[in-house]
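S.K.: Got a structure for you, written out below as structure tokens; questions coming shortly.
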Amino acid sequence: MSRIDDICRKVVTEVDGAIACGVVDLESGMLMGIHNVAQYTSSLNELVAASAVDMFRGRSVSQIE
């Protein structure tokens with residue numbers, strides 16, 4: 001397990017009500033680390049990472065900028 005995964009696990013453990021934490025590189029869209037209580041498949045985790053990139057770098061944000 002990577003150090004980023006360990007930090008994500010700590011966030012989920014210490015933040016009341018947290019169910020997941022992930023770190024996504026917004027340039028490449030790569031999922032750098034993740035921890036969630038449901039133990040989702042890697043495919044679902046990658047889909048969530050792609051959605052995060054779209055949320056921060058997608059068409060709507062580009063139009064606002």
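Letters A, B, ... go to the chains of the structure tokens in the order shown; residues in each chain start at 1; ligands are counted from 1 in the same order.
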Might you pull out every residue within 10 Å of stretch 39-52 of chain A, with only C-alpha atoms counted and same-chain residues fewer than 4 positions away left off, and present them as a PDB file with all heavy atoms, in the first residue's frame?
M.R.:
```
ATOM      1  N   ALA A  20     -15.021   7.758   1.898  1.00  0.00           N
ATOM      2  CA  ALA A  20     -13.967   7.568   0.907  1.00  0.00           C
ATOM      3  C   ALA A  20     -13.074   8.794   0.843  1.00  0.00           C
ATOM      4  O   ALA A  20     -13.502   9.904   1.164  1.00  0.00           O
ATOM      5  CB  ALA A  20     -14.558   7.298  -0.469  1.00  0.00           C
ATOM      6  N   GLY A  22      -9.789  10.058  -1.924  1.00  0.00           N
ATOM      7  CA  GLY A  22      -8.924   9.725  -3.045  1.00  0.00           C
ATOM      8  C   GLY A  22      -8.126  10.931  -3.479  1.00  0.00           C
ATOM      9  O   GLY A  22      -8.516  12.073  -3.229  1.00  0.00           O
ATOM     10  N   VAL A  23      -6.992  10.673  -4.116  1.00  0.00           N
ATOM     11  CA  VAL A  23      -6.145  11.724  -4.655  1.00  0.00           C
ATOM     12  C   VAL A  23      -6.005  11.461  -6.149  1.00  0.00           C
ATOM     13  O   VAL A  23      -5.590  10.381  -6.562  1.00  0.00           O
ATOM     14  CB  VAL A  23      -4.754  11.735  -3.985  1.00  0.00           C
ATOM     15  CG1 VAL A  23      -3.866  12.792  -4.607  1.00  0.00           C
ATOM     16  CG2 VAL A  23      -4.889  11.952  -2.486  1.00  0.00           C
ATOM     17  N   VAL A  24      -6.371  12.472  -6.947  1.00  0.00           N
ATOM     18  CA  VAL A  24      -6.352  12.345  -8.396  1.00  0.00           C
ATOM     19  C   VAL A  24      -5.450  13.429  -8.979  1.00  0.00           C
ATOM     20  O   VAL A  24      -5.564  14.599  -8.614  1.00  0.00           O
ATOM     21  CB  VAL A  24      -7.783  12.503  -8.978  1.00  0.00           C
ATOM     22  CG1 VAL A  24      -7.767  12.419 -10.495  1.00  0.00           C
ATOM     23  CG2 VAL A  24      -8.722  11.472  -8.384  1.00  0.00           C
ATOM     24  N   ASP A  25      -4.557  13.042  -9.884  1.00  0.00           N
ATOM     25  CA  ASP A  25      -3.739  13.994 -10.617  1.00  0.00           C
ATOM     26  C   ASP A  25      -4.631  14.619 -11.678  1.00  0.00           C
ATOM     27  O   ASP A  25      -5.068  13.950 -12.616  1.00  0.00           O
ATOM     28  CB  ASP A  25      -2.557  13.274 -11.257  1.00  0.00           C
ATOM     29  CG  ASP A  25      -1.645  14.195 -12.046  1.00  0.00           C
ATOM     30  OD1 ASP A  25      -2.104  15.245 -12.534  1.00  0.00           O
ATOM     31  OD2 ASP A  25      -0.462  13.853 -12.185  1.00  0.00           O
ATOM     32  N   LEU A  26      -4.913  15.927 -11.539  1.00  0.00           N
ATOM     33  CA  LEU A  26      -5.837  16.582 -12.454  1.00  0.00           C
ATOM     34  C   LEU A  26      -5.253  16.770 -13.850  1.00  0.00           C
ATOM     35  O   LEU A  26      -5.993  16.961 -14.811  1.00  0.00           O
ATOM     36  CB  LEU A  26      -6.296  17.922 -11.887  1.00  0.00           C
ATOM     37  CG  LEU A  26      -7.162  17.833 -10.634  1.00  0.00           C
ATOM     38  CD1 LEU A  26      -7.502  19.227 -10.120  1.00  0.00           C
ATOM     39  CD2 LEU A  26      -8.427  17.037 -10.887  1.00  0.00           C
ATOM     40  N   SER A  28      -3.171  14.432 -15.493  1.00  0.00           N
ATOM     41  CA  SER A  28      -3.205  13.161 -16.217  1.00  0.00           C
ATOM     42  C   SER A  28      -4.500  12.375 -16.007  1.00  0.00           C
ATOM     43  O   SER A  28      -4.809  11.470 -16.769  1.00  0.00           O
ATOM     44  CB  SER A  28      -2.028  12.281 -15.772  1.00  0.00           C
ATOM     45  OG  SER A  28      -2.195  11.860 -14.424  1.00  0.00           O
ATOM     46  N   GLY A  29      -5.232  12.693 -14.943  1.00  0.00           N
ATOM     47  CA  GLY A  29      -6.431  11.931 -14.600  1.00  0.00           C
ATOM     48  C   GLY A  29      -6.124  10.652 -13.848  1.00  0.00           C
ATOM     49  O   GLY A  29      -7.022   9.884 -13.536  1.00  0.00           O
ATOM     50  N   MET A  30      -4.851  10.446 -13.510  1.00  0.00           N
ATOM     51  CA  MET A  30      -4.429   9.215 -12.829  1.00  0.00           C
ATOM     52  C   MET A  30      -4.842   9.232 -11.361  1.00  0.00           C
ATOM     53  O   MET A  30      -4.681  10.235 -10.669  1.00  0.00           O
ATOM     54  CB  MET A  30      -2.920   9.066 -12.935  1.00  0.00           C
ATOM     55  CG  MET A  30      -2.387   7.825 -12.318  1.00  0.00           C
ATOM     56  SD  MET A  30      -0.603   7.780 -12.617  1.00  0.00           S
ATOM     57  CE  MET A  30      -0.156   6.471 -11.520  1.00  0.00           C
ATOM     58  N   LEU A  31      -5.376   8.113 -10.916  1.00  0.00           N
ATOM     59  CA  LEU A  31      -5.723   7.937  -9.515  1.00  0.00           C
ATOM     60  C   LEU A  31      -4.439   7.629  -8.756  1.00  0.00           C
ATOM     61  O   LEU A  31      -3.803   6.604  -8.973  1.00  0.00           O
ATOM     62  CB  LEU A  31      -6.734   6.794  -9.371  1.00  0.00           C
ATOM     63  CG  LEU A  31      -7.247   6.505  -7.976  1.00  0.00           C
ATOM     64  CD1 LEU A  31      -7.988   7.720  -7.417  1.00  0.00           C
ATOM     65  CD2 LEU A  31      -8.175   5.293  -8.006  1.00  0.00           C
ATOM     66  N   MET A  32      -4.025   8.534  -7.881  1.00  0.00           N
ATOM     67  CA  MET A  32      -2.759   8.398  -7.170  1.00  0.00           C
ATOM     68  C   MET A  32      -2.891   7.553  -5.907  1.00  0.00           C
ATOM     69  O   MET A  32      -1.959   6.877  -5.506  1.00  0.00           O
ATOM     70  CB  MET A  32      -2.205   9.778  -6.801  1.00  0.00           C
ATOM     71  CG  MET A  32      -2.075  10.729  -7.978  1.00  0.00           C
ATOM     72  SD  MET A  32      -0.952  10.144  -9.242  1.00  0.00           S
ATOM     73  CE  MET A  32       0.586  10.278  -8.395  1.00  0.00           C
ATOM     74  N   GLY A  33      -4.052   7.610  -5.285  1.00  0.00           N
ATOM     75  CA  GLY A  33      -4.288   6.836  -4.072  1.00  0.00           C
ATOM     76  C   GLY A  33      -5.748   6.914  -3.695  1.00  0.00           C
ATOM     77  O   GLY A  33      -6.440   7.872  -4.043  1.00  0.00           O
ATOM     78  N   ILE A  34      -6.214   5.884  -2.973  1.00  0.00           N
ATOM     79  CA  ILE A  34      -7.629   5.857  -2.589  1.00  0.00           C
ATOM     80  C   ILE A  34      -7.834   4.920  -1.411  1.00  0.00           C
ATOM     81  O   ILE A  34      -7.094   3.950  -1.225  1.00  0.00           O
ATOM     82  CB  ILE A  34      -8.535   5.430  -3.765  1.00  0.00           C
ATOM     83  CG1 ILE A  34      -9.993   5.695  -3.445  1.00  0.00           C
ATOM     84  CG2 ILE A  34      -8.294   3.985  -4.153  1.00  0.00           C
ATOM     85  CD1 ILE A  34     -10.906   5.692  -4.647  1.00  0.00           C
ATOM     86  N   HIS A  35      -8.837   5.243  -0.620  1.00  0.00           N
ATOM     87  CA  HIS A  35      -9.326   4.323   0.412  1.00  0.00           C
ATOM     88  C   HIS A  35     -10.820   4.580   0.539  1.00  0.00           C
ATOM     89  O   HIS A  35     -11.268   5.730   0.571  1.00  0.00           O
ATOM     90  CB  HIS A  35      -8.645   4.559   1.762  1.00  0.00           C
ATOM     91  CG  HIS A  35      -9.190   3.653   2.826  1.00  0.00           C
ATOM     92  ND1 HIS A  35      -8.795   2.344   2.939  1.00  0.00           N
ATOM     93  CD2 HIS A  35     -10.115   3.856   3.781  1.00  0.00           C
ATOM     94  CE1 HIS A  35      -9.454   1.781   3.940  1.00  0.00           C
ATOM     95  NE2 HIS A  35     -10.260   2.684   4.468  1.00  0.00           N
ATOM     96  N   PHE A  56     -13.415  19.163 -12.176  1.00  0.00           N
ATOM     97  CA  PHE A  56     -12.485  20.274 -11.969  1.00  0.00           C
ATOM     98  C   PHE A  56     -11.882  20.831 -13.253  1.00  0.00           C
ATOM     99  O   PHE A  56     -11.407  21.958 -13.281  1.00  0.00           O
ATOM    100  CB  PHE A  56     -11.349  19.850 -11.031  1.00  0.00           C
ATOM    101  CG  PHE A  56     -11.804  19.697  -9.606  1.00  0.00           C
ATOM    102  CD1 PHE A  56     -12.031  18.439  -9.080  1.00  0.00           C
ATOM    103  CD2 PHE A  56     -12.019  20.801  -8.801  1.00  0.00           C
ATOM    104  CE1 PHE A  56     -12.443  18.289  -7.767  1.00  0.00           C
ATOM    105  CE2 PHE A  56     -12.439  20.664  -7.498  1.00  0.00           C
ATOM    106  CZ  PHE A  56     -12.653  19.399  -6.971  1.00  0.00           C
ATOM    107  N   ARG A  57     -11.867  20.033 -14.320  1.00  0.00           N
ATOM    108  CA  ARG A  57     -11.218  20.476 -15.545  1.00  0.00           C
ATOM    109  C   ARG A  57     -12.102  20.343 -16.777  1.00  0.00           C
ATOM    110  O   ARG A  57     -11.652  20.541 -17.897  1.00  0.00           O
ATOM    111  CB  ARG A  57      -9.932  19.679 -15.771  1.00  0.00           C
ATOM    112  CG  ARG A  57      -8.997  19.779 -14.617  1.00  0.00           C
ATOM    113  CD  ARG A  57      -7.567  19.904 -14.880  1.00  0.00           C
ATOM    114  NE  ARG A  57      -7.141  20.163 -16.230  1.00  0.00           N
ATOM    115  CZ  ARG A  57      -6.421  21.221 -16.569  1.00  0.00           C
ATOM    116  NH1 ARG A  57      -6.090  22.099 -15.684  1.00  0.00           N
ATOM    117  NH2 ARG A  57      -6.008  21.378 -17.799  1.00  0.00           N
ATOM    118  N   GLY A  58     -13.345  19.994 -16.581  1.00  0.00           N
ATOM    119  CA  GLY A  58     -14.250  19.744 -17.692  1.00  0.00           C
ATOM    120  C   GLY A  58     -14.725  21.002 -18.394  1.00  0.00           C
ATOM    121  O   GLY A  58     -14.314  22.121 -18.095  1.00  0.00           O
TER     122      GLY A  58
END
```
S.K.: Which residues are close to A:Asn36, i.e. within 10 Å by only C-alpha atoms, leaving aside same-chain residues fewer than 5 positions away? Reply as a PyMOL selection string.
M.R.: chain A and resi 5+8-9+12-13+18-22+45
S.K.: For those residues, write N, CA and C atoms to a file as a short mmCIF file (atom, residue, chain, number, x, y, z; two decimals), in the first residue's frame.
M.R.:
```
data_model
loop_
_atom_site.label_atom_id
_atom_site.label_comp_id
_atom_site.auth_asym_id
_atom_site.auth_seq_id
_atom_site.Cartn_x
_atom_site.Cartn_y
_atom_site.Cartn_z
N ASP A 5 -2.22 6.07 -0.11
CA ASP A 5 -3.33 5.23 0.34
C ASP A 5 -3.44 5.26 1.86
N CYS A 8 -5.02 8.51 2.83
CA CYS A 8 -6.46 8.46 2.53
C CYS A 8 -7.20 7.63 3.58
N ARG A 9 -6.61 6.51 3.98
CA ARG A 9 -7.22 5.67 5.02
C ARG A 9 -7.36 6.46 6.32
N VAL A 12 -10.27 8.93 6.09
CA VAL A 12 -11.57 8.26 6.22
C VAL A 12 -11.81 7.85 7.68
N THR A 13 -10.76 7.42 8.35
CA THR A 13 -10.89 7.00 9.74
C THR A 13 -11.16 8.17 10.67
N ALA A 18 -17.03 10.14 6.99
CA ALA A 18 -16.33 9.94 5.72
C ALA A 18 -16.46 8.49 5.27
N ILE A 19 -16.67 8.31 3.97
CA ILE A 19 -16.77 6.96 3.42
C ILE A 19 -15.67 6.68 2.39
N ALA A 20 -15.02 7.76 1.90
CA ALA A 20 -13.97 7.57 0.91
C ALA A 20 -13.07 8.79 0.84
N CYS A 21 -11.85 8.55 0.42
CA CYS A 21 -10.90 9.63 0.17
C CYS A 21 -10.02 9.17 -0.98
N GLY A 22 -9.79 10.06 -1.92
CA GLY A 22 -8.92 9.72 -3.04
C GLY A 22 -8.13 10.93 -3.48
N ASN A 45 -13.33 2.72 -9.08
CA ASN A 45 -12.44 3.76 -8.56
C ASN A 45 -11.91 4.64 -9.69
#
```
S.K.: Between atom CA of A:Glu27 and atom CA of A:Ile7, what is the spacing in Å?
M.R.: 21.1 Å
S.K.: Name the residues of chain A that come out as strand (DSSP E or B) in a backbone DSSP run; write them as a count of residues only.
M.R.: 11
S.K.: Grab the atom CA of A:Glu14 to atom CA of A:Val37 distance for me, in Å with one decimal place.
M.R.: 12.7 Å
S.K.: Write out as a count of residues only all residues of chain A that backbone DSSP assigns to helix (DSSP H, G or I).
M.R.: 34
